[in-house]
Amino acid sequence: MSKPYNNTKATLALAKASFRSIMRSPSAVVFTLAFPLIFILVFGFLGGGGVKVDLAIAPGSDLQNPIINAIEQINVIHIVKDKDADEIKTELEKGHIAAVIDVQKNTSGTPAYLANVQYTSASIDKGSILKSVLANLMFTLNSKDIKPTVAQLNESTVQGRIYRTIDFILPGQLGFSLLSTGVFGTAFVFFSLRQTLVIKRFFATPVSRTSIVFGEGIARIGFALCGAVFIILIGHFFFHFTLIHGVITVLNMLLLAIIGLVVFMGFGFIVSGIAKSESTIPPISNIITLPQFLLSGTFFSIDAFPSWLQPISRALPLTYLNDAMRKVAFEGAGLWDVKHQILIMAIWGIGVYIVAVKVFKWE
């Protein structure tokens with residue numbers, strides 16, 4: 001009596017073969033490792049960034065005064081309102097805001113206003129920019145009315161973790177790597193398997209369709225996780241990328257990477273299903289990946305975008321993966337703490353795979 005066919009072994013065999021194929025593909029290595037690594041090296045060495053300087057207004061601060069009015073006209077400063085004292089303290093310690101300002105009328109009469117600014121050591125570069133801007137602002141205000149002086153600026157600093165540019169850039173590049181692997185890799189592989197009649201040959205064997213999909217999926221996840229570990233380690237040991245809880249943080253980031261990759265592979269299935277030829281795969285894939293790459297906070301904070309563009313950015317799945325990665329890495333959040341981001345990605349995944357089932361072709 002013959003033994004029943006073992007689809008588990010078939011799945012693992014397909015995964016092994018697919019993984020070897022991926023490793024031999026120059027495009028897979030470029031999109032998964034080379035591009036993200038180049039951006040990490042550039043931003044790691046230059047230390048630049050395009051994020052606006054966030055300045056919080058303390059609860060109880062006087063809002064109707066020439067100081068606040070003048071700050072609101074400065075493009076480089078993003079004013080943060082409606083946060084309580086505890087929230088502001090937490091944001092300062094994490095470097096999410098550069099400083100907090102408290103403006104009060106001077107009961108002594110001269111100067112007319114007292115402005116107390118508390119900076120954070122967690123964002124020294126942004127704090128330096130803000131100091132320069134505020135010093136120039138005070139000089140401008142006081143030079144208009146020499147007697148009496150309009151305002152006096154008092155400055156202090158609160159200690160916090162240093163928030164480097166790499167802490168913002170690396171999660172975004174990791175998300176870009178996963179998006180590229182999930183969409184381009186899946187689309188090209190399944191279109192090629194269908195075009196070369198490999199899948200048709202599989203159907204002549206006892207291998208199930210589920211084994212084919214899971215085998216390819218395991219291979220892509222394995223390759224993507226290897227790339228993610230490489231990127232994280234390069235960022236941590238060479239550019240001091242923050243991993244607040246060490247190995248635990250890395251494991252949480254890898255779990256998020258798996259969730260994100262599964263969602264992005266759904267886009268790849270859709271592309272492979274609707275593409276009429278291999279030449280149409282890149283433009284269709286770029287329609288999916290390019291807006292996310294540019295608008296999901298990969299290089300710049302979404303808060304720096306025009307107000308009309310921000311809702312579009314906040315609707316993209318890569319936005320929530322990037323956000324979750326940053327919270328886990330720098331803030332030490334657990335997976336439960338980023339359940340909102342995971343839920344949004346899960347909703348995207350359900351919707352994407354419903355469409356994928358409708359358009360995907362085996363032959």
# chains A, B, ... in the order shown; residues from 1 in each chain; ligands from 1
call {"tool": "residues_around", "arguments": {"residues": "Leu290 (chain A)", "least_positions_apart": "5", "cutoff": "10 Å", "atoms": "only C-alpha atoms", "output": "list in words"}}
result
Phe176, Leu179, Ser180, Pro283, Ser285, Leu295 and Ser296 of chain A
call {"tool": "write_last_selection", "arguments": {"atoms": "C-alpha atoms", "output": "mmCIF file, in the first residue's frame"}}
result
data_model
loop_
_atom_site.group_PDB
_atom_site.id
_atom_site.type_symbol
_atom_site.label_atom_id
_atom_site.label_comp_id
_atom_site.auth_asym_id
_atom_site.auth_seq_id
_atom_site.Cartn_x
_atom_site.Cartn_y
_atom_site.Cartn_z
ATOM 1 C CA PHE A 176 10.468 50.019 1.339
ATOM 2 C CA LEU A 179 7.152 46.496 -0.187
ATOM 3 C CA SER A 180 9.493 45.954 -3.142
ATOM 4 C CA PRO A 283 4.577 49.940 -14.573
ATOM 5 C CA SER A 285 3.856 47.547 -9.764
ATOM 6 C CA LEU A 295 3.957 59.423 0.750
ATOM 7 C CA SER A 296 4.256 56.938 3.634
#
call {"tool": "select_by_dssp", "arguments": {"residues": "region 136-327 of chain A", "states": "alpha helix (DSSP H)", "output": "JSON, numbers by chain"}}
result
{"A": [136, 137, 138, 139, 140, 141, 142, 143, 144, 165, 166, 167, 168, 169, 170, 171, 172, 173, 174, 175, 176, 177, 178, 179, 180, 186, 187, 188, 189, 190, 191, 192, 193, 194, 195, 198, 199, 200, 201, 202, 209, 210, 211, 212, 213, 214, 215, 216, 217, 218, 219, 220, 221, 222, 223, 224, 225, 226, 227, 228, 229, 230, 231, 232, 233, 234, 235, 236, 237, 238, 239, 247, 248, 249, 250, 251, 252, 253, 254, 255, 256, 257, 258, 259, 260, 261, 262, 263, 264, 265, 266, 267, 268, 269, 270, 271, 272, 273, 274, 281, 282, 283, 284, 285, 286, 287, 288, 289, 290, 291, 292, 293, 294, 295, 310, 311, 312, 313, 317, 318, 319, 320, 321, 322, 323, 324, 325, 326]}
call {"tool": "closest_residue", "arguments": {"among": "A:Gly95, A:Pro282, A:Gly334, A:Gly235", "to": "Leu170 (chain A)", "atoms": "only C-alpha atoms"}}
result
A:Gly235
call {"tool": "atom_distance", "arguments": {"atom1": "CA of Leu225 (chain A)", "atom2": "CA of Leu197 (chain A)"}}
result
29.4 Å
call {"tool": "closest_residue", "arguments": {"among": "A:Asn65, A:Lys200, A:His236, A:Ile344", "to": "Asp167 (chain A)", "atoms": "only C-alpha atoms"}}
result
A:His236
call {"tool": "closest_residue", "arguments": {"among": "A:Leu318, A:Ile169, A:Val262, A:Ile212", "to": "Ile288 (chain A)", "atoms": "only C-alpha atoms"}}
result
A:Leu318
call {"tool": "closest_residue", "arguments": {"among": "A:Val359, A:Ile284, A:Ile244, A:Val207", "to": "Leu14 (chain A)", "atoms": "only C-alpha atoms"}}
result
A:Val207
call {"tool": "residues_around", "arguments": {"residues": "Met265 (chain A)", "least_positions_apart": "6", "cutoff": "7 Å", "atoms": "only C-alpha atoms", "output": "ChimeraX atom specification"}}
result
/A:182-183,186
call {"tool": "atom_distance", "arguments": {"atom1": "CA of Ile258 (chain A)", "atom2": "CA of Thr280 (chain A)"}}
result
27.2 Å
call {"tool": "residues_around", "arguments": {"residues": "Gly246 (chain A)", "least_positions_apart": "2", "cutoff": "12 Å", "atoms": "only C-alpha atoms", "output": "PyMOL selection string"}}
result
chain A and resi 232-233+236-237+241-244+248-253+328-330+332
call {"tool": "write_last_selection", "arguments": {"atoms": "N, CA, C and O atoms", "output": "CSV table (one decimal), in the first residue's frame"}}
result
chain,number,residue,atom,x,y,z
A,232,ILE,N,19.0,46.0,9.9
A,232,ILE,CA,18.9,46.5,11.3
A,232,ILE,C,20.3,46.4,12.0
A,232,ILE,O,20.6,47.4,12.7
A,233,LEU,N,21.0,45.4,11.8
A,233,LEU,CA,22.3,45.2,12.4
A,233,LEU,C,23.3,46.3,11.9
A,233,LEU,O,24.1,46.9,12.7
A,236,HIS,N,22.3,49.5,13.5
A,236,HIS,CA,22.6,49.6,15.0
A,236,HIS,C,24.1,49.7,15.3
A,236,HIS,O,24.5,50.6,16.1
A,237,PHE,N,24.9,48.9,14.7
A,237,PHE,CA,26.3,48.8,15.1
A,237,PHE,C,27.1,49.9,14.4
A,237,PHE,O,28.2,50.3,14.9
A,241,PHE,N,21.6,53.0,15.5
A,241,PHE,CA,20.1,52.9,15.4
A,241,PHE,C,19.6,52.4,16.7
A,241,PHE,O,20.1,51.4,17.3
A,242,THR,N,18.6,53.0,17.3
A,242,THR,CA,18.1,52.7,18.6
A,242,THR,C,17.3,51.4,18.6
A,242,THR,O,16.3,51.3,17.9
A,243,LEU,N,17.7,50.4,19.4
A,243,LEU,CA,16.9,49.2,19.7
A,243,LEU,C,16.7,49.2,21.2
A,243,LEU,O,17.6,48.6,21.9
A,244,ILE,N,15.7,49.8,21.7
A,244,ILE,CA,15.5,50.1,23.1
A,244,ILE,C,15.5,48.9,24.0
A,244,ILE,O,16.0,48.9,25.1
A,248,ILE,N,14.7,41.7,21.9
A,248,ILE,CA,13.3,41.7,22.0
A,248,ILE,C,12.7,42.7,20.9
A,248,ILE,O,11.7,42.4,20.2
A,249,THR,N,13.4,43.8,20.8
A,249,THR,CA,12.9,44.8,19.9
A,249,THR,C,13.1,44.3,18.4
A,249,THR,O,12.3,44.5,17.6
A,250,VAL,N,14.3,43.6,18.2
A,250,VAL,CA,14.5,43.1,16.9
A,250,VAL,C,13.5,42.0,16.5
A,250,VAL,O,12.9,42.0,15.4
A,251,LEU,N,13.1,41.1,17.5
A,251,LEU,CA,12.1,40.1,17.2
A,251,LEU,C,10.7,40.7,16.9
A,251,LEU,O,10.0,40.3,16.0
A,252,ASN,N,10.4,41.8,17.6
A,252,ASN,CA,9.1,42.5,17.4
A,252,ASN,C,9.1,43.1,16.0
A,252,ASN,O,8.1,43.1,15.3
A,253,MET,N,10.3,43.7,15.6
A,253,MET,CA,10.4,44.3,14.3
A,253,MET,C,10.2,43.2,13.2
A,253,MET,O,9.6,43.5,12.1
A,328,VAL,N,8.2,50.7,17.9
A,328,VAL,CA,8.8,49.5,18.6
A,328,VAL,C,10.3,49.7,18.8
A,328,VAL,O,10.8,49.4,19.9
A,329,ALA,N,11.0,50.3,17.8
A,329,ALA,CA,12.4,50.5,17.9
A,329,ALA,C,12.8,51.5,18.9
A,329,ALA,O,13.7,51.3,19.8
A,330,PHE,N,12.3,52.7,18.8
A,330,PHE,CA,12.7,53.9,19.6
A,330,PHE,C,12.0,54.0,20.9
A,330,PHE,O,12.6,54.3,21.9
A,332,GLY,N,10.2,51.6,22.4
A,332,GLY,CA,10.1,50.3,23.2
A,332,GLY,C,8.7,49.8,23.2
A,332,GLY,O,8.4,49.0,24.1
call {"tool": "decode", "arguments": {"residues": "region 246-268 of chain A", "atoms": "N, CA, C and O atoms", "output": "PDB file, in the first residue's frame"}}
result
ATOM      1  N   GLY A 246      16.810  45.810  22.799  1.00  0.00           N
ATOM      2  CA  GLY A 246      17.751  44.868  22.234  1.00  0.00           C
ATOM      3  C   GLY A 246      17.115  43.795  21.370  1.00  0.00           C
ATOM      4  O   GLY A 246      16.385  44.087  20.415  1.00  0.00           O
ATOM      5  N   VAL A 247      17.395  42.533  21.708  1.00  0.00           N
ATOM      6  CA  VAL A 247      16.932  41.395  20.912  1.00  0.00           C
ATOM      7  C   VAL A 247      15.403  41.355  20.843  1.00  0.00           C
ATOM      8  O   VAL A 247      14.820  41.024  19.798  1.00  0.00           O
ATOM      9  N   ILE A 248      14.729  41.682  21.949  1.00  0.00           N
ATOM     10  CA  ILE A 248      13.261  41.680  21.969  1.00  0.00           C
ATOM     11  C   ILE A 248      12.720  42.656  20.939  1.00  0.00           C
ATOM     12  O   ILE A 248      11.747  42.360  20.215  1.00  0.00           O
ATOM     13  N   THR A 249      13.358  43.809  20.846  1.00  0.00           N
ATOM     14  CA  THR A 249      12.932  44.803  19.860  1.00  0.00           C
ATOM     15  C   THR A 249      13.126  44.279  18.441  1.00  0.00           C
ATOM     16  O   THR A 249      12.260  44.453  17.580  1.00  0.00           O
ATOM     17  N   VAL A 250      14.263  43.627  18.198  1.00  0.00           N
ATOM     18  CA  VAL A 250      14.525  43.065  16.871  1.00  0.00           C
ATOM     19  C   VAL A 250      13.469  42.028  16.512  1.00  0.00           C
ATOM     20  O   VAL A 250      12.931  42.019  15.399  1.00  0.00           O
ATOM     21  N   LEU A 251      13.119  41.149  17.456  1.00  0.00           N
ATOM     22  CA  LEU A 251      12.112  40.114  17.203  1.00  0.00           C
ATOM     23  C   LEU A 251      10.750  40.737  16.891  1.00  0.00           C
ATOM     24  O   LEU A 251      10.037  40.278  15.990  1.00  0.00           O
ATOM     25  N   ASN A 252      10.387  41.782  17.647  1.00  0.00           N
ATOM     26  CA  ASN A 252       9.114  42.467  17.374  1.00  0.00           C
ATOM     27  C   ASN A 252       9.115  43.114  15.995  1.00  0.00           C
ATOM     28  O   ASN A 252       8.104  43.092  15.276  1.00  0.00           O
ATOM     29  N   MET A 253      10.266  43.692  15.603  1.00  0.00           N
ATOM     30  CA  MET A 253      10.357  44.301  14.277  1.00  0.00           C
ATOM     31  C   MET A 253      10.243  43.231  13.184  1.00  0.00           C
ATOM     32  O   MET A 253       9.617  43.472  12.144  1.00  0.00           O
ATOM     33  N   LEU A 254      10.810  42.064  13.419  1.00  0.00           N
ATOM     34  CA  LEU A 254      10.725  40.992  12.431  1.00  0.00           C
ATOM     35  C   LEU A 254       9.300  40.466  12.309  1.00  0.00           C
ATOM     36  O   LEU A 254       8.847  40.130  11.202  1.00  0.00           O
ATOM     37  N   LEU A 255       8.584  40.403  13.410  1.00  0.00           N
ATOM     38  CA  LEU A 255       7.181  39.980  13.349  1.00  0.00           C
ATOM     39  C   LEU A 255       6.345  40.992  12.567  1.00  0.00           C
ATOM     40  O   LEU A 255       5.478  40.622  11.767  1.00  0.00           O
ATOM     41  N   LEU A 256       6.623  42.272  12.784  1.00  0.00           N
ATOM     42  CA  LEU A 256       5.940  43.307  11.998  1.00  0.00           C
ATOM     43  C   LEU A 256       6.311  43.189  10.517  1.00  0.00           C
ATOM     44  O   LEU A 256       5.467  43.393   9.639  1.00  0.00           O
ATOM     45  N   ALA A 257       7.576  42.843  10.257  1.00  0.00           N
ATOM     46  CA  ALA A 257       8.014  42.678   8.870  1.00  0.00           C
ATOM     47  C   ALA A 257       7.244  41.554   8.186  1.00  0.00           C
ATOM     48  O   ALA A 257       6.860  41.676   7.013  1.00  0.00           O
ATOM     49  N   ILE A 258       7.007  40.462   8.911  1.00  0.00           N
ATOM     50  CA  ILE A 258       6.245  39.345   8.337  1.00  0.00           C
ATOM     51  C   ILE A 258       4.823  39.779   8.000  1.00  0.00           C
ATOM     52  O   ILE A 258       4.303  39.491   6.913  1.00  0.00           O
ATOM     53  N   ILE A 259       4.189  40.503   8.940  1.00  0.00           N
ATOM     54  CA  ILE A 259       2.820  40.981   8.705  1.00  0.00           C
ATOM     55  C   ILE A 259       2.783  41.885   7.474  1.00  0.00           C
ATOM     56  O   ILE A 259       1.930  41.749   6.595  1.00  0.00           O
ATOM     57  N   GLY A 260       3.726  42.832   7.415  1.00  0.00           N
ATOM     58  CA  GLY A 260       3.768  43.749   6.282  1.00  0.00           C
ATOM     59  C   GLY A 260       4.018  43.024   4.973  1.00  0.00           C
ATOM     60  O   GLY A 260       3.370  43.316   3.958  1.00  0.00           O
ATOM     61  N   LEU A 261       4.943  42.071   4.982  1.00  0.00           N
ATOM     62  CA  LEU A 261       5.269  41.356   3.743  1.00  0.00           C
ATOM     63  C   LEU A 261       4.085  40.536   3.242  1.00  0.00           C
ATOM     64  O   LEU A 261       3.837  40.481   2.027  1.00  0.00           O
ATOM     65  N   VAL A 262       3.352  39.911   4.151  1.00  0.00           N
ATOM     66  CA  VAL A 262       2.178  39.130   3.743  1.00  0.00           C
ATOM     67  C   VAL A 262       1.162  40.035   3.036  1.00  0.00           C
ATOM     68  O   VAL A 262       0.586  39.669   2.011  1.00  0.00           O
ATOM     69  N   VAL A 263       0.960  41.238   3.585  1.00  0.00           N
ATOM     70  CA  VAL A 263       0.035  42.195   2.954  1.00  0.00           C
ATOM     71  C   VAL A 263       0.549  42.598   1.571  1.00  0.00           C
ATOM     72  O   VAL A 263      -0.196  42.601   0.578  1.00  0.00           O
ATOM     73  N   PHE A 264       1.846  42.919   1.482  1.00  0.00           N
ATOM     74  CA  PHE A 264       2.404  43.396   0.219  1.00  0.00           C
ATOM     75  C   PHE A 264       2.447  42.297  -0.839  1.00  0.00           C
ATOM     76  O   PHE A 264       2.346  42.578  -2.034  1.00  0.00           O
ATOM     77  N   MET A 265       2.597  41.042  -0.419  1.00  0.00           N
ATOM     78  CA  MET A 265       2.551  39.938  -1.376  1.00  0.00           C
ATOM     79  C   MET A 265       1.184  39.857  -2.043  1.00  0.00           C
ATOM     80  O   MET A 265       1.072  39.441  -3.199  1.00  0.00           O
ATOM     81  N   GLY A 266       0.139  40.260  -1.320  1.00  0.00           N
ATOM     82  CA  GLY A 266      -1.197  40.290  -1.920  1.00  0.00           C
ATOM     83  C   GLY A 266      -1.242  41.222  -3.114  1.00  0.00           C
ATOM     84  O   GLY A 266      -1.865  40.915  -4.145  1.00  0.00           O
ATOM     85  N   PHE A 267      -0.564  42.380  -3.007  1.00  0.00           N
ATOM     86  CA  PHE A 267      -0.480  43.286  -4.157  1.00  0.00           C
ATOM     87  C   PHE A 267       0.233  42.605  -5.316  1.00  0.00           C
ATOM     88  O   PHE A 267      -0.126  42.784  -6.483  1.00  0.00           O
ATOM     89  N   GLY A 268       1.282  41.824  -4.990  1.00  0.00           N
ATOM     90  CA  GLY A 268       2.020  41.112  -6.028  1.00  0.00           C
ATOM     91  C   GLY A 268       1.154  40.100  -6.758  1.00  0.00           C
ATOM     92  O   GLY A 268       1.252  39.955  -7.986  1.00  0.00           O
TER      93      GLY A 268
END
